[in-house]
Structures are given as structure tokens and as C-alpha cells.
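Colleague: File input.cif follows (mmCIF, C-alpha atoms):
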data_protein
#
loop_
_atom_site.label_atom_id
_atom_site.label_comp_id
_atom_site.auth_asym_id
_atom_site.auth_seq_id
_atom_site.Cartn_x
_atom_site.Cartn_y
_atom_site.Cartn_z
CA ASP A 20 -136.70 35.13 -13.03
CA PRO A 21 -133.37 37.04 -13.39
CA LEU A 22 -134.14 39.15 -10.31
CA ALA A 23 -134.70 36.05 -8.18
CA HIS A 24 -131.43 34.58 -9.48
CA PHE A 25 -129.62 37.81 -8.64
CA VAL A 26 -131.00 37.89 -5.08
CA LEU A 27 -130.21 34.21 -4.44
CA LEU A 28 -126.70 34.53 -5.82
CA GLY A 29 -126.06 37.65 -3.76
CA ALA A 30 -127.28 35.92 -0.61
CA ALA A 31 -125.10 32.89 -1.30
CA ILE A 32 -122.02 35.05 -1.82
CA PHE A 33 -122.74 37.06 1.32
CA VAL A 34 -123.09 33.91 3.43
CA ALA A 35 -119.98 32.36 1.97
CA PHE A 36 -117.87 35.44 2.63
CA ALA A 37 -119.28 35.88 6.13
CA LEU A 38 -118.73 32.28 7.19
CA LEU A 39 -115.50 31.57 5.41
CA GLU A 40 -113.63 34.85 5.74
CA ASP A 41 -109.94 34.04 5.91
CA GLU A 42 -107.43 35.39 8.37
CA PRO A 43 -104.23 36.93 6.96
CA GLY A 44 -101.52 34.31 6.59
CA VAL A 45 -97.95 34.45 7.85
CA ASP A 46 -97.06 36.55 4.83
CA GLU A 47 -99.07 39.75 5.31
CA ARG A 48 -98.67 40.48 1.59
CA GLN A 49 -100.53 37.27 0.73
CA ILE A 50 -104.30 37.16 0.29
CA ILE A 51 -105.78 33.67 0.43
CA ILE A 52 -109.20 32.78 -0.95
CA PRO A 53 -109.68 29.31 0.59
CA GLU A 54 -110.90 26.24 -1.24
CA ALA A 55 -114.04 26.09 0.87
CA GLU A 56 -115.05 29.55 -0.34
CA ILE A 57 -114.54 28.64 -3.99
CA ASP A 58 -116.44 25.41 -3.43
CA GLY A 59 -119.33 27.34 -1.87
CA LEU A 60 -119.53 29.73 -4.82
CA TRP A 61 -119.25 26.85 -7.31
CA GLY A 62 -122.15 25.03 -5.66
CA ALA A 63 -124.32 28.15 -5.37
CA MET A 64 -123.84 29.15 -9.02
CA SER A 65 -124.37 25.59 -10.23
CA MET A 66 -127.67 25.42 -8.34
CA ILE A 67 -128.89 28.80 -9.58
CA TYR A 68 -127.86 28.55 -13.24
CA GLY A 69 -128.22 24.80 -13.67
CA ARG A 70 -124.66 24.45 -14.97
CA ALA A 71 -121.10 24.63 -13.72
CA PRO A 72 -119.71 28.19 -13.68
CA SER A 73 -116.75 29.06 -15.83
CA GLU A 74 -113.39 30.19 -14.48
CA ALA A 75 -114.12 33.73 -15.67
CA GLU A 76 -117.44 33.79 -13.83
CA ILE A 77 -115.82 32.67 -10.58
CA GLU A 78 -113.06 35.27 -10.98
CA GLN A 79 -115.66 37.96 -11.59
CA LEU A 80 -117.38 37.15 -8.29
CA ILE A 81 -114.14 36.92 -6.31
CA GLU A 82 -112.55 40.12 -7.59
CA PRO A 83 -114.66 42.48 -5.39
CA ARG A 84 -113.59 40.42 -2.38
CA ILE A 85 -109.93 40.74 -3.35
CA ARG A 86 -110.31 44.47 -4.03
CA GLU A 87 -111.85 44.98 -0.59
CA GLU A 88 -109.06 43.08 1.17
CA VAL A 89 -106.31 44.90 -0.75
CA LEU A 90 -107.73 48.33 0.02
CA TYR A 91 -108.45 47.39 3.63
CA ARG A 92 -104.86 46.25 4.25
CA GLU A 93 -103.39 49.29 2.54
CA ALA A 94 -105.60 51.56 4.63
CA LEU A 95 -104.34 49.85 7.80
CA ALA A 96 -100.74 50.19 6.60
CA LEU A 97 -101.27 53.94 6.13
CA GLY A 98 -102.85 54.22 9.56
CA LEU A 99 -106.15 55.45 8.18
CA ASP A 100 -107.96 53.63 10.98
CA ARG A 101 -106.32 55.86 13.58
CA ASP A 102 -107.78 59.19 14.71
CA ASP A 103 -110.99 58.51 12.80
CA SER A 104 -114.03 59.10 14.98
CA GLN A 105 -116.30 56.99 12.77
CA VAL A 106 -113.93 54.01 12.84
CA ARG A 107 -113.54 54.37 16.61
CA GLN A 108 -117.30 54.50 17.08
CA ARG A 109 -117.80 51.43 14.91
CA LEU A 110 -115.25 49.46 16.94
CA VAL A 111 -116.89 50.59 20.18
CA GLU A 112 -120.25 49.38 18.85
CA LYS A 113 -118.80 46.00 17.94
CA MET A 114 -117.30 45.60 21.41
CA THR A 115 -120.69 46.49 22.90
CA PHE A 116 -122.38 43.87 20.73
CA LEU A 117 -119.82 41.30 21.86
CA SER A 118 -120.61 42.01 25.50
CA GLU A 119 -124.34 41.68 24.75
CA ASP A 120 -123.64 38.15 23.57
CA LEU A 121 -122.78 37.34 27.18
CA LEU A 122 -126.43 37.73 28.19
CA PRO A 123 -127.84 34.39 29.36
CA ALA A 124 -129.94 32.75 26.65
CA GLU A 125 -132.60 31.45 29.03
CA PRO A 126 -135.68 33.65 29.41
CA PRO A 127 -136.36 35.29 32.77
CA SER A 128 -138.45 33.34 35.24
CA ASP A 129 -142.00 34.31 36.20
CA GLU A 130 -140.67 35.48 39.56
CA GLU A 131 -138.07 37.74 37.93
CA VAL A 132 -140.65 39.23 35.58
CA ALA A 133 -143.09 39.88 38.43
CA ALA A 134 -140.39 41.47 40.61
CA PHE A 135 -139.24 43.70 37.75
CA PHE A 136 -142.79 44.78 37.00
CA GLU A 137 -143.45 45.64 40.64
CA ALA A 138 -140.23 47.64 40.93
CA ASN A 139 -140.84 49.53 37.68
CA SER A 140 -144.62 49.71 37.49
CA GLU A 141 -144.57 53.49 36.93
CA THR A 142 -142.84 53.00 33.57
CA PHE A 143 -145.77 50.93 32.33
CA VAL A 144 -148.51 53.40 33.25
CA GLU A 145 -150.83 54.07 30.33
CA PRO A 146 -151.44 57.83 30.14
CA ALA A 147 -154.82 59.50 30.25
CA ARG A 148 -156.46 59.82 26.82
CA VAL A 149 -159.27 62.00 25.51
CA ASP A 150 -161.55 62.05 22.49
CA PHE A 151 -162.72 65.56 21.63
CA GLU A 152 -164.06 67.97 19.04
CA GLN A 153 -162.59 71.41 18.57
CA LEU A 154 -163.24 74.68 16.79
CA TYR A 155 -160.19 76.63 15.67
CA PHE A 156 -159.91 80.42 15.55
CA SER A 157 -157.10 81.86 13.45
CA PRO A 158 -155.06 84.94 14.45
CA SER A 159 -154.87 85.98 10.80
CA ALA A 160 -158.68 86.03 10.57
CA HIS A 161 -159.42 87.73 13.89
CA GLY A 162 -156.29 89.64 14.89
CA ASP A 163 -156.48 91.17 18.37
CA GLY A 164 -160.15 90.19 18.58
CA ILE A 165 -159.45 86.47 18.50
CA ILE A 166 -160.33 85.86 22.18
CA ALA A 167 -163.51 87.90 21.89
CA ALA A 168 -164.52 85.95 18.78
CA ALA A 169 -163.97 82.63 20.57
CA GLU A 170 -165.89 83.79 23.64
CA ASP A 171 -168.82 84.99 21.51
CA ALA A 172 -168.90 81.60 19.79
CA LEU A 173 -168.74 79.83 23.16
CA GLU A 174 -171.75 81.79 24.39
CA ALA A 175 -173.70 80.98 21.23
CA LEU A 176 -172.83 77.28 21.51
CA ALA A 177 -174.06 77.24 25.10
CA GLY A 178 -177.37 78.52 23.73
CA GLY A 179 -177.62 75.63 21.28
CA ALA A 180 -176.04 77.12 18.14
CA ASP A 181 -174.70 74.81 15.43
CA PRO A 182 -170.92 74.25 15.91
CA ASP A 183 -170.44 74.05 12.15
CA THR A 184 -171.19 77.76 11.87
CA PHE A 185 -168.09 78.71 13.91
CA GLY A 186 -164.35 78.42 13.56
CA ASP A 187 -161.87 78.87 10.74
CA SER A 188 -160.52 76.36 8.24
CA SER A 189 -157.19 74.84 9.19
CA THR A 190 -155.02 71.74 9.07
CA VAL A 191 -155.79 71.34 12.78
CA PRO A 192 -158.11 68.29 12.93
CA ARG A 193 -161.69 68.94 13.97
CA VAL A 194 -161.86 65.63 15.84
CA ARG A 195 -159.15 63.88 17.86
CA GLU A 196 -159.36 60.39 19.34
CA ALA A 197 -157.33 58.78 22.14
CA ALA A 198 -155.07 61.82 22.36
CA THR A 199 -152.44 61.89 25.13
CA ALA A 200 -150.88 64.91 26.79
CA GLU A 201 -147.56 64.07 25.12
CA ALA A 202 -149.09 63.97 21.64
CA LEU A 203 -151.10 67.15 22.13
CA SER A 204 -148.12 69.00 23.55
CA ALA A 205 -145.93 67.96 20.61
CA ASP A 206 -148.59 69.08 18.11
CA LEU A 207 -149.87 72.33 19.58
CA GLY A 208 -147.98 73.14 22.77
CA GLU A 209 -147.97 72.35 26.47
CA GLU A 210 -150.53 75.02 27.39
CA TYR A 211 -152.96 73.54 24.87
CA ALA A 212 -152.37 69.97 26.07
CA THR A 213 -152.83 70.91 29.71
CA GLY A 214 -156.02 72.78 28.94
CA VAL A 215 -157.59 69.97 26.94
CA LEU A 216 -156.67 67.19 29.41
CA ALA A 217 -158.17 69.21 32.28
CA LEU A 218 -161.64 69.34 30.70
CA ALA A 219 -164.50 67.21 31.96
CA GLU A 220 -166.52 64.88 29.77
CA ASP A 221 -169.72 66.90 30.27
CA GLY A 222 -170.89 67.46 26.69
CA ALA A 223 -170.26 71.21 26.92
CA TRP A 224 -167.90 73.40 24.91
CA HIS A 225 -165.01 74.96 26.84
CA GLY A 226 -162.32 77.52 26.17
CA PRO A 227 -160.78 79.56 24.80
CA ILE A 228 -157.60 77.42 24.94
CA ARG A 229 -154.45 78.81 23.34
CA SER A 230 -152.10 76.80 21.15
CA PHE A 231 -149.09 77.43 18.94
CA PHE A 232 -151.39 78.34 16.06
CA GLY A 233 -154.28 80.19 17.62
CA VAL A 234 -157.26 79.65 19.93
CA HIS A 235 -159.58 76.67 20.32
CA LEU A 236 -162.94 75.78 21.76
CA VAL A 237 -163.05 72.14 22.87
CA ARG A 238 -165.74 69.62 23.74
CA VAL A 239 -164.55 66.33 25.29
CA THR A 240 -166.60 63.36 24.11
CA ALA A 241 -164.78 60.57 25.96
CA ARG A 242 -161.85 60.17 28.29
CA THR A 243 -159.82 57.34 29.77
CA GLU A 244 -157.97 57.99 32.98
CA ALA A 245 -154.35 56.95 33.43
CA ARG A 246 -153.92 53.39 34.67
CA THR A 247 -151.34 50.71 35.28
CA PRO A 248 -152.28 47.55 33.34
CA ALA A 249 -152.10 44.16 35.02
CA LEU A 250 -148.93 42.19 34.36
CA GLU A 251 -150.88 39.60 32.35
CA GLU A 252 -151.96 42.29 29.89
CA ILE A 253 -148.47 43.54 29.06
CA ARG A 254 -146.22 40.61 29.94
CA GLU A 255 -144.43 40.75 26.57
CA ARG A 256 -143.57 44.44 27.08
CA VAL A 257 -142.33 43.76 30.60
CA VAL A 258 -140.12 40.87 29.48
CA SER A 259 -138.69 43.02 26.70
CA ALA A 260 -137.90 45.83 29.14
CA LEU A 261 -136.36 43.38 31.62
CA ASN A 262 -134.12 41.89 28.94
CA ALA A 263 -133.05 45.38 27.86
CA GLU A 264 -132.08 46.18 31.45
CA ARG A 265 -130.17 42.92 31.73
CA ARG A 266 -128.27 43.75 28.55
CA ARG A 267 -127.36 47.17 29.94
CA ASP A 268 -126.16 45.58 33.18
CA VAL A 269 -124.06 43.03 31.30
CA ASN A 270 -122.54 45.77 29.13
CA GLU A 271 -121.73 47.90 32.14
CA GLN A 272 -120.12 45.03 34.04
CA ALA A 273 -118.13 43.98 30.96
CA TYR A 274 -116.90 47.56 30.62
CA ARG A 275 -115.96 47.73 34.30
CA ASP A 276 -114.01 44.48 34.00
CA LEU A 277 -112.15 45.79 30.95
CA ARG A 278 -111.50 49.14 32.62
CA GLU A 279 -109.74 47.39 35.51
CA ARG A 280 -107.05 46.28 33.06
CA TYR A 281 -105.97 49.87 32.48
CA ASP A 282 -104.10 52.43 34.52
CA ILE A 283 -106.21 55.53 33.95
CA VAL A 284 -104.24 58.78 34.05
CA ILE A 285 -106.21 62.03 33.88
CA GLU A 286 -103.93 65.03 33.51
CA ILE A 287 -105.53 68.07 35.12
CA PRO A 288 -104.07 71.49 34.17
CA ASP A 289 -102.71 73.38 37.16
CA ALA A 290 -105.09 76.29 36.57
CA VAL A 291 -108.09 73.95 36.63
CA ARG A 292 -106.84 72.16 39.74
CA GLU A 293 -106.33 75.47 41.52
CA ALA A 294 -109.80 76.62 40.56
CA TRP A 295 -111.30 73.42 41.96
CA GLN A 296 -109.30 73.73 45.16
CA SER A 297 -110.37 77.34 45.65
CA GLU A 298 -114.02 76.27 45.37
#
Can you give me the file's structure in the form of C-alpha cells?

Modeller:
Amino acid sequence: DPLAHFVLLGAAIFVAFALLEDEPGVDERQIIIPEAEIDGLWGAMSMIYGRAPSEAEIEQLIEPRIREEVLYREALALGLDRDDSQVRQRLVEKMTFLSEDLLPAEPPSDEEVAAFFEANSETFVEPARVDFEQLYFSPSAHGDGIIAAAEDALEALAGGADPDTFGDSSTVPRVREAATAEALSADLGEEYATGVLALAEDGAWHGPIRSFFGVHLVRVTARTEARTPALEEIRERVVSALNAERRRDVNEQAYRDLRERYDIVIEIPDAVREAWQSE
């Protein structure tokens, strides 16, 4: 399969370049492609094509590598790496990744996980969720009478009327399941989310509740109150959060250690200093 050959060859080249990348020699105008790299390409191509590659084929694969190194060195010589926010950000990211490598490889102990969970239990609270039906009333269909229309429908529903005979067509879903306040607020606004989450699971229609798009009548069919799961239920999440915190701590300490090597001078304009002093 030519595609499979292409993918395998690309992977082999990538690995070879990544593992065998040469450092510039004493002569900065010299670019060295080491024997080990050529040997790696020779072996990869021989395995994929079932024959030894020709000199031209090897040169064709190496030329992009040479082009990259030539252009990279010339860019450095011209100072193109300086005063470039994207280059600076990339270097900062690489330094951050290096500091993350300092994180101990051993997993946290059961005691550490339990202590972290206890200290941060509020971050693992599962929010309240509701299942509900709703009827939507559109401002374009009812104008200033939209509240009155919803209230009339609410009265009829309380008397046993069929819900399917009320409401306007819309992209707003008729039924929602396991909806959280955050999701409802993002979809239709905070006032709507607060109104829906406050309703009881009593089988009755309630409203009108306003949203970004209009007015709603809502009937809650099920609800789950907010709760904090037991550690055993979410141990994997807790360990992941603990490791993330440990990485942040390692990064911060590594930065502080590096910062101590520098004499930081912050030049404050006289006008700014005077303004601060007057305050």
C-alpha cells in the first residue's frame, strides 16, 4: 500500500532526525549529516521498499533537512529570532516543559491523594442537575402580549390541557436531561438557569421564565441535588488534579530559582513614582 509506505517512511525519517540531530561543529559554516543518520535512513528505506536505496533517493530525503538547517542558521545570523513575540513565547514554553520534566515519576501515595481530596473537596462537587420539559413562547409571535400568552397557557395546563397545543416552534429543545446551571446559563441566560434550577419536581408546569430568546413554561421531571462524590468514585480525577498541581508547583519553584540568578531592575518614571507617593 503506497500510503502505508509513505507513513512508515515519514515516521522513520522523523525519528531519525529527532534522535540524531547534530550540533553545529567548530566551523559554524559547516553542516554535518552524521553517519548514524544516513545509516538509519538506509535501513528504513531498505525495509520499506525491499531494496537498497540509491544515492539520489537518499539525497532527496536529506535535502529538506539541509534546507531547514541553512535557513535556520541564516535567520539566527540576521537576528530574526530577536524581538519576535512568537519565538519568545515558544522558547518560554520549552523552558516550562523542561521544568515539568523535574516532576517526580513516582505516583502520589494514597495518603497524599486523600489529603489533597480533603483539602480541595469543593472542586470535585458535582452540580445539581435537572430533567425537564418546556414550552417556548416567541416574542415575534406574541409581541408585548408574550407574558399574557404564557400565563394563559399555564392556567390551561393546570386545568389538564394538552401541552402539545401550546408554545411556538423553535430550535430550543422541548426536553432537556441532566442540565446544569452552567449549561443552561450558557445556552439561554443566567435568569433562565436560575429560574429552572429553583423549580420543584412536583409534576406541575411553572413560569413564565424569561430567557435570551423569549419566555418559557417549564415542568421538572427529575432532579439530582449537588453532591461531593466519595474519593473511591473519582480517584482518577483526583490524582490527575493532584499531579497538575504538583507540576504547577515545580514550574513555579524552577522559575523562582532561575529568577534569583538575575538582578531585576524596574525603572519607574518620576511622574509615576510621584503619583504613587502622593496616594

Colleague: List the residues selected by the PyMOL selection byres ((chain A and resi 155) around 10) in the file shown, writing them as a VMD selection string.

Modeller: chain A and resid 153 to 154 156 to 158 169 185 to 193 227 to 230 232 to 237

Colleague: Using C-alpha atoms, can you export the residues from the last selection as a PDB file, keeping the file's coordinate frame?

Modeller:
ATOM      1  CA  GLN A 153    -162.590  71.410  18.570  1.00  0.00           C
ATOM      2  CA  LEU A 154    -163.240  74.680  16.790  1.00  0.00           C
ATOM      3  CA  PHE A 156    -159.910  80.420  15.550  1.00  0.00           C
ATOM      4  CA  SER A 157    -157.100  81.860  13.450  1.00  0.00           C
ATOM      5  CA  PRO A 158    -155.060  84.940  14.450  1.00  0.00           C
ATOM      6  CA  ALA A 169    -163.970  82.630  20.570  1.00  0.00           C
ATOM      7  CA  PHE A 185    -168.090  78.710  13.910  1.00  0.00           C
ATOM      8  CA  GLY A 186    -164.350  78.420  13.560  1.00  0.00           C
ATOM      9  CA  ASP A 187    -161.870  78.870  10.740  1.00  0.00           C
ATOM     10  CA  SER A 188    -160.520  76.360   8.240  1.00  0.00           C
ATOM     11  CA  SER A 189    -157.190  74.840   9.190  1.00  0.00           C
ATOM     12  CA  THR A 190    -155.020  71.740   9.070  1.00  0.00           C
ATOM     13  CA  VAL A 191    -155.790  71.340  12.780  1.00  0.00           C
ATOM     14  CA  PRO A 192    -158.110  68.290  12.930  1.00  0.00           C
ATOM     15  CA  ARG A 193    -161.690  68.940  13.970  1.00  0.00           C
ATOM     16  CA  PRO A 227    -160.780  79.560  24.800  1.00  0.00           C
ATOM     17  CA  ILE A 228    -157.600  77.420  24.940  1.00  0.00           C
ATOM     18  CA  ARG A 229    -154.450  78.810  23.340  1.00  0.00           C
ATOM     19  CA  SER A 230    -152.100  76.800  21.150  1.00  0.00           C
ATOM     20  CA  PHE A 232    -151.390  78.340  16.060  1.00  0.00           C
ATOM     21  CA  GLY A 233    -154.280  80.190  17.620  1.00  0.00           C
ATOM     22  CA  VAL A 234    -157.260  79.650  19.930  1.00  0.00           C
ATOM     23  CA  HIS A 235    -159.580  76.670  20.320  1.00  0.00           C
ATOM     24  CA  LEU A 236    -162.940  75.780  21.760  1.00  0.00           C
ATOM     25  CA  VAL A 237    -163.050  72.140  22.870  1.00  0.00           C
TER      26      VAL A 237
END

Colleague: Report, in Å to a single decimal, how far apart CA of Glu141 (chain A) and CA of Val269 (chain A) are.

Modeller: 23.7 Å

Colleague: Determine the residue membership of the PyMOL selection byres ((chain A and resi 144) around 10) for the file above and supply it as a ChimeraX atom specification.

Modeller: /A:139-143,145-147,245-248

Colleague: Between CA of Ile52 (chain A) and CA of Val111 (chain A), measure the distance and give it in Å to one decimal.

Modeller: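 One can read the CA of Ile52 (chain A) to CA of Val111 (chain A) distance as 28.7 Å.
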
Colleague: Carefully work through the PyMOL selection byres ((chain A and resi 195-197) around 10) for this structure and note down the residues it includes, as an MDAnalysis selection string.

Modeller: chainID A and resid 146:153 191:194 198:199 202:203 239:243

Colleague: Kindly give the distance, in Å, that separates CA of Arg256 (chain A) and CA of Phe135 (chain A), rounded to a single decimal.

Modeller: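 Spanning CA of Arg256 (chain A) to CA of Phe135 (chain A) is a straight-line distance of 11.5 Å.
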
Colleague: Between A:Ile283, A:Met66, A:Ile51, A:Ile57, which one has atoms that come closest to Ile85 (chain A), using all atoms listed in the file?

Modeller: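 Of A:Ile283, A:Met66, A:Ile51, A:Ile57, the one nearest Ile85 (chain A) is A:Ile51, counting all atoms listed in the file.
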
Colleague: Counting all atoms listed in the file, what is within 12 Å of Ala263 (chain A), bar same-chain residues fewer than 4 positions away, as a list in words?

Modeller: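 Once the adjacent positions are removed, what remains is Glu119, Leu122, Pro127, Phe135, Arg256, Val257, Val258, Ser259, Arg267, Asp268, Val269 and Asn270 of chain A.
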
Colleague: The selected residues should be written to file as a PDB file, keeping the file's coordinate frame (atoms: C-alpha atoms).

Modeller:
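Saved result, out.pdb, follows:
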ATOM      1  CA  GLU A 119    -124.340  41.680  24.750  1.00  0.00           C
ATOM      2  CA  LEU A 122    -126.430  37.730  28.190  1.00  0.00           C
ATOM      3  CA  PRO A 127    -136.360  35.290  32.770  1.00  0.00           C
ATOM      4  CA  PHE A 135    -139.240  43.700  37.750  1.00  0.00           C
ATOM      5  CA  ARG A 256    -143.570  44.440  27.080  1.00  0.00           C
ATOM      6  CA  VAL A 257    -142.330  43.760  30.600  1.00  0.00           C
ATOM      7  CA  VAL A 258    -140.120  40.870  29.480  1.00  0.00           C
ATOM      8  CA  SER A 259    -138.690  43.020  26.700  1.00  0.00           C
ATOM      9  CA  ARG A 267    -127.360  47.170  29.940  1.00  0.00           C
ATOM     10  CA  ASP A 268    -126.160  45.580  33.180  1.00  0.00           C
ATOM     11  CA  VAL A 269    -124.060  43.030  31.300  1.00  0.00           C
ATOM     12  CA  ASN A 270    -122.540  45.770  29.130  1.00  0.00           C
TER      13      ASN A 270
END

Colleague: Any chance you could model all heavy atoms for region 76-87 of chain A and send them as an mmCIF file, in the frame of the given file?

Modeller:
data_model
loop_
_atom_site.group_PDB
_atom_site.id
_atom_site.type_symbol
_atom_site.label_atom_id
_atom_site.label_comp_id
_atom_site.auth_asym_id
_atom_site.auth_seq_id
_atom_site.Cartn_x
_atom_site.Cartn_y
_atom_site.Cartn_z
ATOM 1 N N GLU A 76 -116.311 33.408 -14.677
ATOM 2 C CA GLU A 76 -117.440 33.790 -13.830
ATOM 3 C C GLU A 76 -117.059 33.755 -12.349
ATOM 4 O O GLU A 76 -117.451 34.637 -11.573
ATOM 5 C CB GLU A 76 -118.628 32.865 -14.101
ATOM 6 C CG GLU A 76 -119.297 33.128 -15.438
ATOM 7 C CD GLU A 76 -120.358 32.089 -15.783
ATOM 8 O OE1 GLU A 76 -120.208 30.921 -15.362
ATOM 9 O OE2 GLU A 76 -121.332 32.452 -16.459
ATOM 10 N N ILE A 77 -116.287 32.741 -11.970
ATOM 11 C CA ILE A 77 -115.820 32.670 -10.580
ATOM 12 C C ILE A 77 -114.902 33.852 -10.270
ATOM 13 O O ILE A 77 -115.005 34.494 -9.221
ATOM 14 C CB ILE A 77 -115.102 31.339 -10.314
ATOM 15 C CG1 ILE A 77 -116.101 30.177 -10.354
ATOM 16 C CG2 ILE A 77 -114.375 31.374 -8.976
ATOM 17 C CD1 ILE A 77 -117.078 30.170 -9.197
ATOM 18 N N GLU A 78 -113.982 34.141 -11.188
ATOM 19 C CA GLU A 78 -113.060 35.270 -10.980
ATOM 20 C C GLU A 78 -113.821 36.583 -10.851
ATOM 21 O O GLU A 78 -113.454 37.452 -10.062
ATOM 22 C CB GLU A 78 -112.057 35.332 -12.136
ATOM 23 C CG GLU A 78 -111.038 34.197 -12.130
ATOM 24 C CD GLU A 78 -110.100 34.271 -13.337
ATOM 25 O OE1 GLU A 78 -110.379 35.104 -14.232
ATOM 26 O OE2 GLU A 78 -109.117 33.513 -13.368
ATOM 27 N N GLN A 79 -114.871 36.733 -11.638
ATOM 28 C CA GLN A 79 -115.660 37.960 -11.590
ATOM 29 C C GLN A 79 -116.319 38.154 -10.218
ATOM 30 O O GLN A 79 -116.433 39.271 -9.716
ATOM 31 C CB GLN A 79 -116.723 37.934 -12.693
ATOM 32 C CG GLN A 79 -117.513 39.240 -12.806
ATOM 33 C CD GLN A 79 -118.530 39.188 -13.928
ATOM 34 O OE1 GLN A 79 -118.825 38.115 -14.462
ATOM 35 N NE2 GLN A 79 -119.050 40.337 -14.291
ATOM 36 N N LEU A 80 -116.744 37.061 -9.606
ATOM 37 C CA LEU A 80 -117.380 37.150 -8.290
ATOM 38 C C LEU A 80 -116.356 37.355 -7.182
ATOM 39 O O LEU A 80 -116.650 38.000 -6.172
ATOM 40 C CB LEU A 80 -118.168 35.865 -8.015
ATOM 41 C CG LEU A 80 -119.445 35.671 -8.835
ATOM 42 C CD1 LEU A 80 -120.056 34.319 -8.535
ATOM 43 C CD2 LEU A 80 -120.445 36.783 -8.525
ATOM 44 N N ILE A 81 -115.158 36.824 -7.361
ATOM 45 C CA ILE A 81 -114.140 36.920 -6.310
ATOM 46 C C ILE A 81 -113.425 38.258 -6.324
ATOM 47 O O ILE A 81 -112.971 38.746 -5.280
ATOM 48 C CB ILE A 81 -113.124 35.763 -6.473
ATOM 49 C CG1 ILE A 81 -113.800 34.435 -6.160
ATOM 50 C CG2 ILE A 81 -111.919 35.954 -5.574
ATOM 51 C CD1 ILE A 81 -112.914 33.249 -6.408
ATOM 52 N N GLU A 82 -113.333 38.892 -7.486
ATOM 53 C CA GLU A 82 -112.550 40.120 -7.590
ATOM 54 C C GLU A 82 -112.972 41.218 -6.614
ATOM 55 O O GLU A 82 -112.105 41.875 -6.012
ATOM 56 C CB GLU A 82 -112.580 40.650 -9.031
ATOM 57 C CG GLU A 82 -111.707 41.875 -9.260
ATOM 58 C CD GLU A 82 -110.257 41.655 -8.878
ATOM 59 O OE1 GLU A 82 -109.764 40.514 -9.049
ATOM 60 O OE2 GLU A 82 -109.627 42.613 -8.383
ATOM 61 N N PRO A 83 -114.297 41.472 -6.392
ATOM 62 C CA PRO A 83 -114.660 42.480 -5.390
ATOM 63 C C PRO A 83 -114.149 42.141 -3.993
ATOM 64 O O PRO A 83 -113.779 43.032 -3.227
ATOM 65 C CB PRO A 83 -116.196 42.474 -5.434
ATOM 66 C CG PRO A 83 -116.538 41.976 -6.792
ATOM 67 C CD PRO A 83 -115.487 40.969 -7.116
ATOM 68 N N ARG A 84 -114.118 40.868 -3.672
ATOM 69 C CA ARG A 84 -113.590 40.420 -2.380
ATOM 70 C C ARG A 84 -112.107 40.732 -2.270
ATOM 71 O O ARG A 84 -111.619 41.212 -1.240
ATOM 72 C CB ARG A 84 -113.853 38.919 -2.249
ATOM 73 C CG ARG A 84 -113.095 38.226 -1.154
ATOM 74 C CD ARG A 84 -113.891 38.289 0.135
ATOM 75 N NE ARG A 84 -113.529 37.207 1.021
ATOM 76 C CZ ARG A 84 -112.602 37.274 1.957
ATOM 77 N NH1 ARG A 84 -111.926 38.396 2.133
ATOM 78 N NH2 ARG A 84 -112.342 36.229 2.731
ATOM 79 N N ILE A 85 -111.369 40.464 -3.338
ATOM 80 C CA ILE A 85 -109.930 40.740 -3.350
ATOM 81 C C ILE A 85 -109.687 42.243 -3.274
ATOM 82 O O ILE A 85 -108.818 42.713 -2.529
ATOM 83 C CB ILE A 85 -109.280 40.134 -4.611
ATOM 84 C CG1 ILE A 85 -109.428 38.607 -4.607
ATOM 85 C CG2 ILE A 85 -107.819 40.539 -4.707
ATOM 86 C CD1 ILE A 85 -108.976 37.939 -5.885
ATOM 87 N N ARG A 86 -110.463 43.011 -4.047
ATOM 88 C CA ARG A 86 -110.310 44.470 -4.030
ATOM 89 C C ARG A 86 -110.513 45.003 -2.606
ATOM 90 O O ARG A 86 -109.737 45.845 -2.129
ATOM 91 C CB ARG A 86 -111.325 45.114 -4.977
ATOM 92 C CG ARG A 86 -111.388 46.638 -4.881
ATOM 93 C CD ARG A 86 -112.543 47.179 -5.712
ATOM 94 N NE ARG A 86 -112.274 47.038 -7.127
ATOM 95 C CZ ARG A 86 -111.659 47.974 -7.861
ATOM 96 N NH1 ARG A 86 -111.273 49.104 -7.301
ATOM 97 N NH2 ARG A 86 -111.462 47.776 -9.139
ATOM 98 N N GLU A 87 -111.570 44.521 -1.949
ATOM 99 C CA GLU A 87 -111.850 44.980 -0.590
ATOM 100 C C GLU A 87 -110.699 44.689 0.353
ATOM 101 O O GLU A 87 -110.290 45.541 1.139
ATOM 102 C CB GLU A 87 -113.134 44.317 -0.083
ATOM 103 C CG GLU A 87 -113.480 44.683 1.349
ATOM 104 C CD GLU A 87 -114.652 43.886 1.870
ATOM 105 O OE1 GLU A 87 -115.802 44.299 1.649
ATOM 106 O OE2 GLU A 87 -114.402 42.824 2.504
#
